[in-house]
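Listing of my_file.pdb, PDB, C-alpha atoms
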ATOM      1  CA  MET I   1      25.499  44.507  17.910
ATOM      2  CA  GLU I   2      28.420  44.182  20.318
ATOM      3  CA  ILE I   3      27.281  40.694  21.296
ATOM      4  CA  TYR I   4      26.882  39.721  17.652
ATOM      5  CA  GLY I   5      30.407  40.945  16.935
ATOM      6  CA  GLY I   6      31.770  38.458  19.450
ATOM      7  CA  ILE I   7      29.657  35.651  17.971
ATOM      8  CA  ALA I   8      30.821  36.508  14.456
ATOM      9  CA  ARG I   9      34.444  36.285  15.522
ATOM     10  CA  SER I  10      33.983  32.975  17.355
ATOM     11  CA  LEU I  11      32.164  31.336  14.418
ATOM     12  CA  ASP I  12      34.116  33.100  11.660
ATOM     13  CA  LEU I  13      31.018  34.826  10.266
ATOM     14  CA  ALA I  14      31.108  37.654   7.720
ATOM     15  CA  PRO I  15      28.953  40.624   8.842
ATOM     16  CA  ALA I  16      29.156  42.135   5.340
ATOM     17  CA  ARG I  17      27.515  39.026   3.893
ATOM     18  CA  ASP I  18      24.832  39.161   6.597
ATOM     19  CA  ALA I  19      24.170  42.791   5.634
ATOM     20  CA  GLU I  20      23.854  41.865   1.959
ATOM     21  CA  ALA I  21      21.412  39.073   2.820
ATOM     22  CA  THR I  22      19.395  41.575   4.857
ATOM     23  CA  LYS I  23      19.066  43.855   1.816
ATOM     24  CA  ILE I  24      17.966  40.956  -0.350
ATOM     25  CA  LEU I  25      15.307  39.922   2.182
ATOM     26  CA  ARG I  26      14.130  43.531   2.454
ATOM     27  CA  ASP I  27      13.723  43.668  -1.328
ATOM     28  CA  LEU I  28      11.890  40.329  -1.442
ATOM     29  CA  LEU I  29       9.458  41.436   1.256
ATOM     30  CA  GLY I  30       9.113  44.843  -0.371
ATOM     31  CA  GLU I  31       7.455  43.188  -3.330
ATOM     32  CA  ARG I  32       4.527  42.033  -1.229
ATOM     33  CA  GLU I  33       2.027  43.541   1.181
ATOM     34  CA  THR I  34       3.026  42.445   4.664
ATOM     35  CA  VAL I  35       0.808  42.219   7.733
ATOM     36  CA  PRO I  36       1.474  45.116  10.144
ATOM     37  CA  PHE I  37       4.050  44.406  12.854
ATOM     38  CA  LYS I  38       1.566  45.698  15.430
ATOM     39  CA  ARG I  39      -0.559  42.578  14.950
ATOM     40  CA  LEU I  40       2.314  40.377  16.106
ATOM     41  CA  HIS I  41       2.893  42.717  19.047
ATOM     42  CA  ASP I  42      -0.789  42.551  20.001
ATOM     43  CA  LEU I  43      -0.704  38.739  19.814
ATOM     44  CA  ILE I  44       2.188  38.456  22.290
ATOM     45  CA  CYS I  45       2.068  41.485  24.593
ATOM     46  CA  GLY I  46       0.917  40.601  28.117
ATOM     47  CA  ARG I  47       0.522  36.896  27.295
ATOM     48  CA  ALA I  48       2.225  33.725  28.468
ATOM     49  CA  VAL I  49       4.389  32.534  25.590
ATOM     50  CA  ALA I  50       5.728  29.029  24.942
ATOM     51  CA  VAL I  51       8.824  28.806  22.745
ATOM     52  CA  TYR I  52       9.459  25.399  21.172
ATOM     53  CA  GLY I  53      12.958  24.315  20.239
ATOM     54  CA  ALA I  54      13.769  21.262  18.133
ATOM     55  CA  GLY I  55      15.624  19.472  20.955
ATOM     56  CA  PRO I  56      15.184  15.842  22.032
ATOM     57  CA  SER I  57      12.576  16.720  24.685
ATOM     58  CA  LEU I  58      10.280  18.476  22.181
ATOM     59  CA  ASP I  59       7.887  15.608  21.501
ATOM     60  CA  ALA I  60       7.247  14.900  25.187
ATOM     61  CA  GLY I  61       6.893  18.594  25.977
ATOM     62  CA  LEU I  62       4.451  19.347  23.166
ATOM     63  CA  LEU I  63       2.393  16.245  23.965
ATOM     64  CA  HIS I  64       2.068  17.338  27.573
ATOM     65  CA  MET I  65       1.189  20.887  26.574
ATOM     66  CA  ILE I  66      -1.652  19.534  24.453
ATOM     67  CA  SER I  67      -2.876  16.965  26.996
ATOM     68  CA  SER I  68      -2.730  19.450  29.895
ATOM     69  CA  GLY I  69      -5.633  21.443  28.491
ATOM     70  CA  LEU I  70      -3.617  24.642  28.921
ATOM     71  CA  SER I  71      -2.494  25.004  25.325
ATOM     72  CA  SER I  72      -5.091  27.648  24.464
ATOM     73  CA  ARG I  73      -3.764  29.940  27.195
ATOM     74  CA  PHE I  74      -0.300  30.232  25.626
ATOM     75  CA  VAL I  75       0.996  31.904  22.499
ATOM     76  CA  HIS I  76       3.057  29.277  20.687
ATOM     77  CA  LEU I  77       6.327  30.210  18.932
ATOM     78  CA  ALA I  78       8.218  27.442  17.138
ATOM     79  CA  ALA I  79      11.879  27.427  16.151
ATOM     80  CA  ASP I  80      12.284  26.117  12.605
ATOM     81  CA  GLY I  81      12.102  22.279  12.717
ATOM     82  CA  ALA I  82       9.802  22.332  15.756
ATOM     83  CA  VAL I  83       6.995  23.240  13.353
ATOM     84  CA  SER I  84       7.051  19.615  12.161
ATOM     85  CA  ALA I  85       6.157  18.372  15.640
ATOM     86  CA  PHE I  86       3.069  20.601  15.532
ATOM     87  CA  ARG I  87       2.132  19.404  12.045
ATOM     88  CA  GLU I  88       2.471  15.755  13.081
ATOM     89  CA  ARG I  89      -0.247  16.419  15.651
ATOM     90  CA  GLY I  90      -2.495  18.342  13.277
ATOM     91  CA  ARG I  91      -1.646  21.682  14.857
ATOM     92  CA  VAL I  92      -0.040  24.948  13.808
ATOM     93  CA  PRO I  93       1.978  27.307  16.031
ATOM     94  CA  ASP I  94       1.177  31.013  16.141
ATOM     95  CA  ALA I  95       4.583  31.879  14.691
ATOM     96  CA  VAL I  96       7.702  30.116  13.474
ATOM     97  CA  PHE I  97      11.221  31.568  13.498
ATOM     98  CA  THR I  98      13.362  30.174  10.701
ATOM     99  CA  ASP I  99      16.369  30.748   8.484
ATOM    100  CA  LEU I 100      14.660  28.384   6.023
ATOM    101  CA  ASP I 101      17.096  25.475   6.377
ATOM    102  CA  GLY I 102      14.462  23.306   8.054
ATOM    103  CA  PRO I 103      11.376  21.367   6.868
ATOM    104  CA  VAL I 104      10.276  23.435   3.869
ATOM    105  CA  ALA I 105       6.958  21.669   3.268
ATOM    106  CA  ASP I 106       5.885  22.092   6.902
ATOM    107  CA  LEU I 107       6.992  25.733   7.012
ATOM    108  CA  ILE I 108       4.987  26.559   3.896
ATOM    109  CA  ALA I 109       1.944  24.569   5.052
ATOM    110  CA  ALA I 110       1.945  26.294   8.445
ATOM    111  CA  SER I 111       2.178  29.674   6.739
ATOM    112  CA  GLY I 112      -0.770  28.789   4.533
ATOM    113  CA  ALA I 113      -2.745  27.973   7.683
ATOM    114  CA  GLY I 114      -2.142  31.498   9.058
ATOM    115  CA  CYS I 115       1.058  31.017  11.079
ATOM    116  CA  TRP I 116       3.375  34.021  11.212
ATOM    117  CA  THR I 117       6.767  33.315   9.636
ATOM    118  CA  ILE I 118       9.740  35.301  10.931
ATOM    119  CA  VAL I 119      12.341  34.742   8.210
ATOM    120  CA  HIS I 120      15.950  35.278   9.195
ATOM    121  CA  ALA I 121      18.582  36.562   6.750
ATOM    122  CA  HIS I 122      22.255  35.687   7.041
ATOM    123  CA  GLY I 123      25.152  35.334   4.668
ATOM    124  CA  ASP I 124      24.707  31.598   4.068
ATOM    125  CA  ASN I 125      21.021  31.460   3.174
ATOM    126  CA  VAL I 126      20.630  33.932   0.293
ATOM    127  CA  ASP I 127      19.685  31.185  -2.182
ATOM    128  CA  LEU I 128      17.042  29.887   0.226
ATOM    129  CA  LEU I 129      15.644  33.384   0.699
ATOM    130  CA  ARG I 130      15.254  33.912  -3.036
ATOM    131  CA  ARG I 131      13.699  30.494  -3.591
ATOM    132  CA  LEU I 132      11.395  30.178  -0.579
ATOM    133  CA  VAL I 133      10.253  33.639   0.540
ATOM    134  CA  PRO I 134       7.909  33.949  -2.480
ATOM    135  CA  LEU I 135       6.269  30.669  -1.415
ATOM    136  CA  ILE I 136       5.362  31.948   2.061
ATOM    137  CA  LYS I 137       1.779  33.125   1.722
ATOM    138  CA  GLY I 138       0.848  33.891   5.326
ATOM    139  CA  PRO I 139       1.903  36.857   7.495
ATOM    140  CA  VAL I 140       5.669  37.345   7.354
ATOM    141  CA  LEU I 141       8.374  39.558   8.805
ATOM    142  CA  GLY I 142      12.119  39.547   8.280
ATOM    143  CA  SER I 143      14.809  39.352  10.938
ATOM    144  CA  THR I 144      18.531  39.977  10.857
ATOM    145  CA  GLN I 145      21.531  39.802  13.168
ATOM    146  CA  VAL I 146      23.106  42.999  11.815
ATOM    147  CA  GLU I 147      21.700  46.484  11.150
ATOM    148  CA  PRO I 148      17.933  46.152  10.562
ATOM    149  CA  MET I 149      15.941  47.607   7.677
ATOM    150  CA  PRO I 150      12.571  48.474   9.219
ATOM    151  CA  PRO I 151       9.693  48.061   8.851
ATOM    152  CA  LYS I 152      10.186  44.823   6.911
ATOM    153  CA  VAL I 153      13.396  43.421   8.469
ATOM    154  CA  LEU I 154      13.973  43.881  12.210
ATOM    155  CA  ASN I 155      16.583  42.992  14.804
ATOM    156  CA  LEU I 156      15.038  42.332  18.217
ATOM    157  CA  GLY I 157      17.943  40.233  19.435
ATOM    158  CA  GLY I 158      18.907  36.599  19.385
ATOM    159  CA  PHE I 159      21.091  34.449  17.152
ATOM    160  CA  THR I 160      19.771  30.898  16.708
ATOM    161  CA  ASP I 161      16.132  30.369  15.729
ATOM    162  CA  GLY I 162      15.194  29.308  19.273
ATOM    163  CA  ASP I 163      16.833  32.049  21.303
ATOM    164  CA  ARG I 164      15.745  34.598  18.678
ATOM    165  CA  ALA I 165      12.133  33.598  19.369
ATOM    166  CA  VAL I 166      12.785  34.128  23.092
ATOM    167  CA  HIS I 167      14.254  37.583  22.478
ATOM    168  CA  TRP I 168      11.373  38.611  20.232
ATOM    169  CA  ALA I 169       8.830  37.383  22.792
ATOM    170  CA  SER I 170      10.560  39.430  25.472
ATOM    171  CA  GLU I 171      10.806  42.578  23.348
ATOM    172  CA  LEU I 172       7.147  42.253  22.348
ATOM    173  CA  GLY I 173       6.057  42.256  25.990
ATOM    174  CA  ALA I 174       5.414  38.603  26.871
ATOM    175  CA  MET I 175       4.220  38.179  30.465
ATOM    176  CA  SER I 176       6.334  35.022  30.845
ATOM    177  CA  ILE I 177       8.222  32.644  28.561
ATOM    178  CA  LEU I 178       8.131  28.856  28.837
ATOM    179  CA  LEU I 179      10.814  26.867  27.007
ATOM    180  CA  VAL I 180       9.637  23.577  25.508
ATOM    181  CA  GLY I 181      12.140  21.305  23.772
ATOM    182  CA  MET I 182      14.876  23.895  24.240
ATOM    183  CA  ASP I 183      17.683  21.464  25.097
ATOM    184  CA  PHE I 184      21.137  23.040  25.175
ATOM    185  CA  GLY I 185      23.141  19.838  25.508
ATOM    186  CA  THR I 186      25.073  17.761  22.988
ATOM    187  CA  ILE I 187      22.220  15.533  21.753
ATOM    188  CA  ILE I 188      20.536  16.797  18.580
ATOM    189  CA  GLY I 189      16.785  16.178  18.380
ATOM    190  CA  ARG I 190      15.098  14.385  15.487
ATOM    191  CA  HIS I 191      13.401  17.615  14.346
ATOM    192  CA  SER I 192      16.768  19.352  14.015
ATOM    193  CA  LYS I 193      19.846  17.892  12.279
ATOM    194  CA  PRO I 194      20.641  14.582  14.046
ATOM    195  CA  ALA I 195      22.848  13.359  11.163
ATOM    196  CA  LEU I 196      25.488  16.052  11.694
ATOM    197  CA  ARG I 197      29.013  14.820  12.270
ATOM    198  CA  GLY I 198      32.507  16.224  12.639
ATOM    199  CA  GLU I 199      33.001  19.971  12.250
ATOM    200  CA  ALA I 200      29.339  20.572  11.409
ATOM    201  CA  LEU I 201      28.285  18.937  14.677
ATOM    202  CA  ARG I 202      30.886  20.920  16.616
ATOM    203  CA  LYS I 203      29.489  24.183  15.209
ATOM    204  CA  LYS I 204      25.939  23.113  15.988
ATOM    205  CA  ILE I 205      26.837  22.416  19.621
ATOM    206  CA  GLU I 206      28.653  25.761  19.826
ATOM    207  CA  LYS I 207      25.539  27.502  18.517
ATOM    208  CA  LEU I 208      23.486  25.762  21.200
ATOM    209  CA  ARG I 209      25.927  27.076  23.797
ATOM    210  CA  ILE I 210      25.513  30.594  22.413
ATOM    211  CA  GLY I 211      21.739  30.186  22.396
ATOM    212  CA  LYS I 212      21.774  29.169  26.039
ATOM    213  CA  GLU I 213      23.764  32.279  26.958
ATOM    214  CA  LEU I 214      21.391  34.549  25.029
ATOM    215  CA  VAL I 215      18.333  32.990  26.674
ATOM    216  CA  GLY I 216      20.040  33.563  30.019
ATOM    217  CA  MET I 217      20.358  37.260  29.190
ATOM    218  CA  VAL I 218      16.606  37.527  28.661
ATOM    219  CA  ALA I 219      15.994  35.610  31.903
ATOM    220  CA  GLU I 220      17.865  38.265  33.876
ATOM    221  CA  GLY I 221      14.934  40.641  33.396
ATOM    222  CA  LYS I 222      12.018  38.436  32.401
ATOM    223  CA  SER I 223      10.280  35.371  33.862
ATOM    224  CA  VAL I 224      11.683  32.495  31.794
ATOM    225  CA  TYR I 225      11.048  28.829  32.666
ATOM    226  CA  SER I 226      11.604  25.447  31.049
ATOM    227  CA  LEU I 227       9.592  22.253  31.288
ATOM    228  CA  GLU I 228      11.130  19.661  33.556
ATOM    229  CA  THR I 229      11.798  17.297  30.632
ATOM    230  CA  ALA I 230      14.370  19.663  29.121
ATOM    231  CA  THR I 231      18.029  19.841  30.035
ATOM    232  CA  PRO I 232      18.843  22.662  32.504
ATOM    233  CA  SER I 233      18.924  26.084  30.848
ATOM    234  CA  GLY I 234      20.948  28.003  33.426
ATOM    235  CA  PRO I 235      20.529  29.449  36.922
ATOM    236  CA  ASN I 236      18.000  32.073  35.821
ATOM    237  CA  VAL I 237      15.735  29.534  34.088
ATOM    238  CA  PRO I 238      14.034  27.265  36.645
ATOM    239  CA  ARG I 239      12.481  24.014  35.473
ATOM    240  CA  VAL I 240       8.724  23.675  35.977
ATOM    241  CA  PRO I 241       7.092  20.331  36.852
ATOM    242  CA  TRP I 242       4.128  19.333  34.702
ATOM    243  CA  GLU I 243       1.657  19.856  37.539
ATOM    244  CA  LYS I 244       2.856  23.439  38.136
ATOM    245  CA  LEU I 245       2.445  24.554  34.522
ATOM    246  CA  GLY I 246      -0.790  26.391  35.242
ATOM    247  CA  ASP I 247       0.970  28.568  37.812
ATOM    248  CA  LEU I 248       2.721  30.453  34.998
ATOM    249  CA  LEU I 249      -0.593  31.752  33.721
ATOM    250  CA  GLY I 250      -1.656  33.874  36.657
ATOM    251  CA  PRO I 251      -5.229  34.150  37.905
TER     252      PRO I 251
END
Write-out of the structure in structure tokens:
Amino acid sequence: MEIYGGIARSLDLAPARDAEATKILRDLLGERETVPFKRLHDLICGRAVAVYGAGPSLDAGLLHMISSGLSSRFVHLAADGAVSAFRERGRVPDAVFTDLDGPVADLIAASGAGCWTIVHAHGDNVDLLRRLVPLIKGPVLGSTQVEPMPPKVLNLGGFTDGDRAVHWASELGAMSILLVGMDFGTIIGRHSKPALRGEALRKKIEKLRIGKELVGMVAEGKSVYSLETATPSGPNVPRVPWEKLGDLLGP
């Protein structure tokens, strides 16, 4: 919460509006029978996890993951628009982390195919929550960046969709975390919002900077790596060459 307070001040966010959005998401999820949280924990705990961001290196990273033959040995967590890269290749991630401002059709289709959807509530997406949460038919949990409302809406850390997925993977006991398409530079990938300009682009780049810092926090106590195609993710996140990918999986 202390870290979020600093982020809220730097981006001029309104915690009270985030709290109101959290209540609305709790009520929306309260109207449906949700899959127990323990099933998500059991999926991730003790496993190698790959977290897919929507950065410019996503397509190359996902293609290599598929062609390497190692895909089945990872749990796959996508950040919002990265789900479209999976769908383009006829695949579905195990879970997607989203504040619902991404590719709606792909998010809903992935959910219908059994993908977990971790829906994030914040002050600027209340209309999206009300419109889209009822359309998500697969397993779903809520997330927030302020006080949680368990068991439906949790706060396991993180701020942007990508670094939130990293924090959740860590908290749920991932053995290691591989970043794919998690580029923290100034180039916006085609599965994100490449048309942004001006102030909107400045805020996007600032959020990427924050995401990089939050991933670095996880990497201080957890084995976090990135594929060599991605931009550097900090001193605690070594880049892994393609041919060494299998080394992350243990014996």
| field | Nearest-residue call for Leu100 of chain I, choices I:His76, I:Arg32, I:Lys38, I:Arg130, using all atoms listed in the file | value |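 Using all atoms listed in the file, Leu100 of chain I sits closest to I:Arg130.
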| request: Spell out the residues picked by the PyMOL selection byres ((chain I and resi 149) around 12) here, as a list of chain:residue names. | output: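 Listing what the PyMOL selection byres ((chain I and resi 149) around 12) selects in the shown file: I:Ala19, I:Glu20, I:Ala21, I:Thr22, I:Lys23, I:Ile24, I:Leu25, I:Arg26, I:Asp27, I:Leu29, I:Gly30, I:Ala121, I:Leu141, I:Gly142, I:Ser143, I:Thr144, I:Gln145, I:Val146, I:Glu147, I:Pro148, I:Pro150, I:Pro151, I:Lys152, I:Val153, I:Leu154, I:Asn155, I:Leu156.
With all atoms listed in the file as the basis for measurement, I:Thr160 is the residue among I:Thr160, I:Arg39, I:Val92, I:Met175 that approaches His122 of chain I most closely.
Closest approach to Ser111 of chain I among I:Cys45, I:Val83, I:Ile205, I:Leu128 is made by I:Val83 (distances from only C-alpha atoms).
Atom pair atom CA of Leu13 of chain I / atom CA of Gly234 of chain I has a distance of 26.2 Å (rounded to one decimal).
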| message | Could you list, as a VMD selection string, every residue matched by the PyMOL selection byres ((chain I and resi 135-138) around 12) in this structure? | response | chain I and resid 28 to 29 32 to 35 94 to 96 98 100 104 to 119 128 to 134 139 to 142
| message | Nearest residue to Gly181 of chain I out of I:Leu43, I:Leu77, I:Val51, I:Leu245, using all atoms listed in the file? | response | I:Val51
| field | Pick from I:Ala16, I:Ile66, I:Leu208, I:Ala48, whichever lies nearest to Phe159 of chain I using all atoms listed in the file | value |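 Going through I:Ala16, I:Ile66, I:Leu208, I:Ala48 one by one, the smallest distance to Phe159 of chain I is for I:Leu208.
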| task | Taking the file as shown, find all residues satisfying the PyMOL selection byres ((chain I and resi 165) around 8) and write them as a PyMOL selection string. | result | chain I and resi 51+77-79+97+158+161-164+166-169
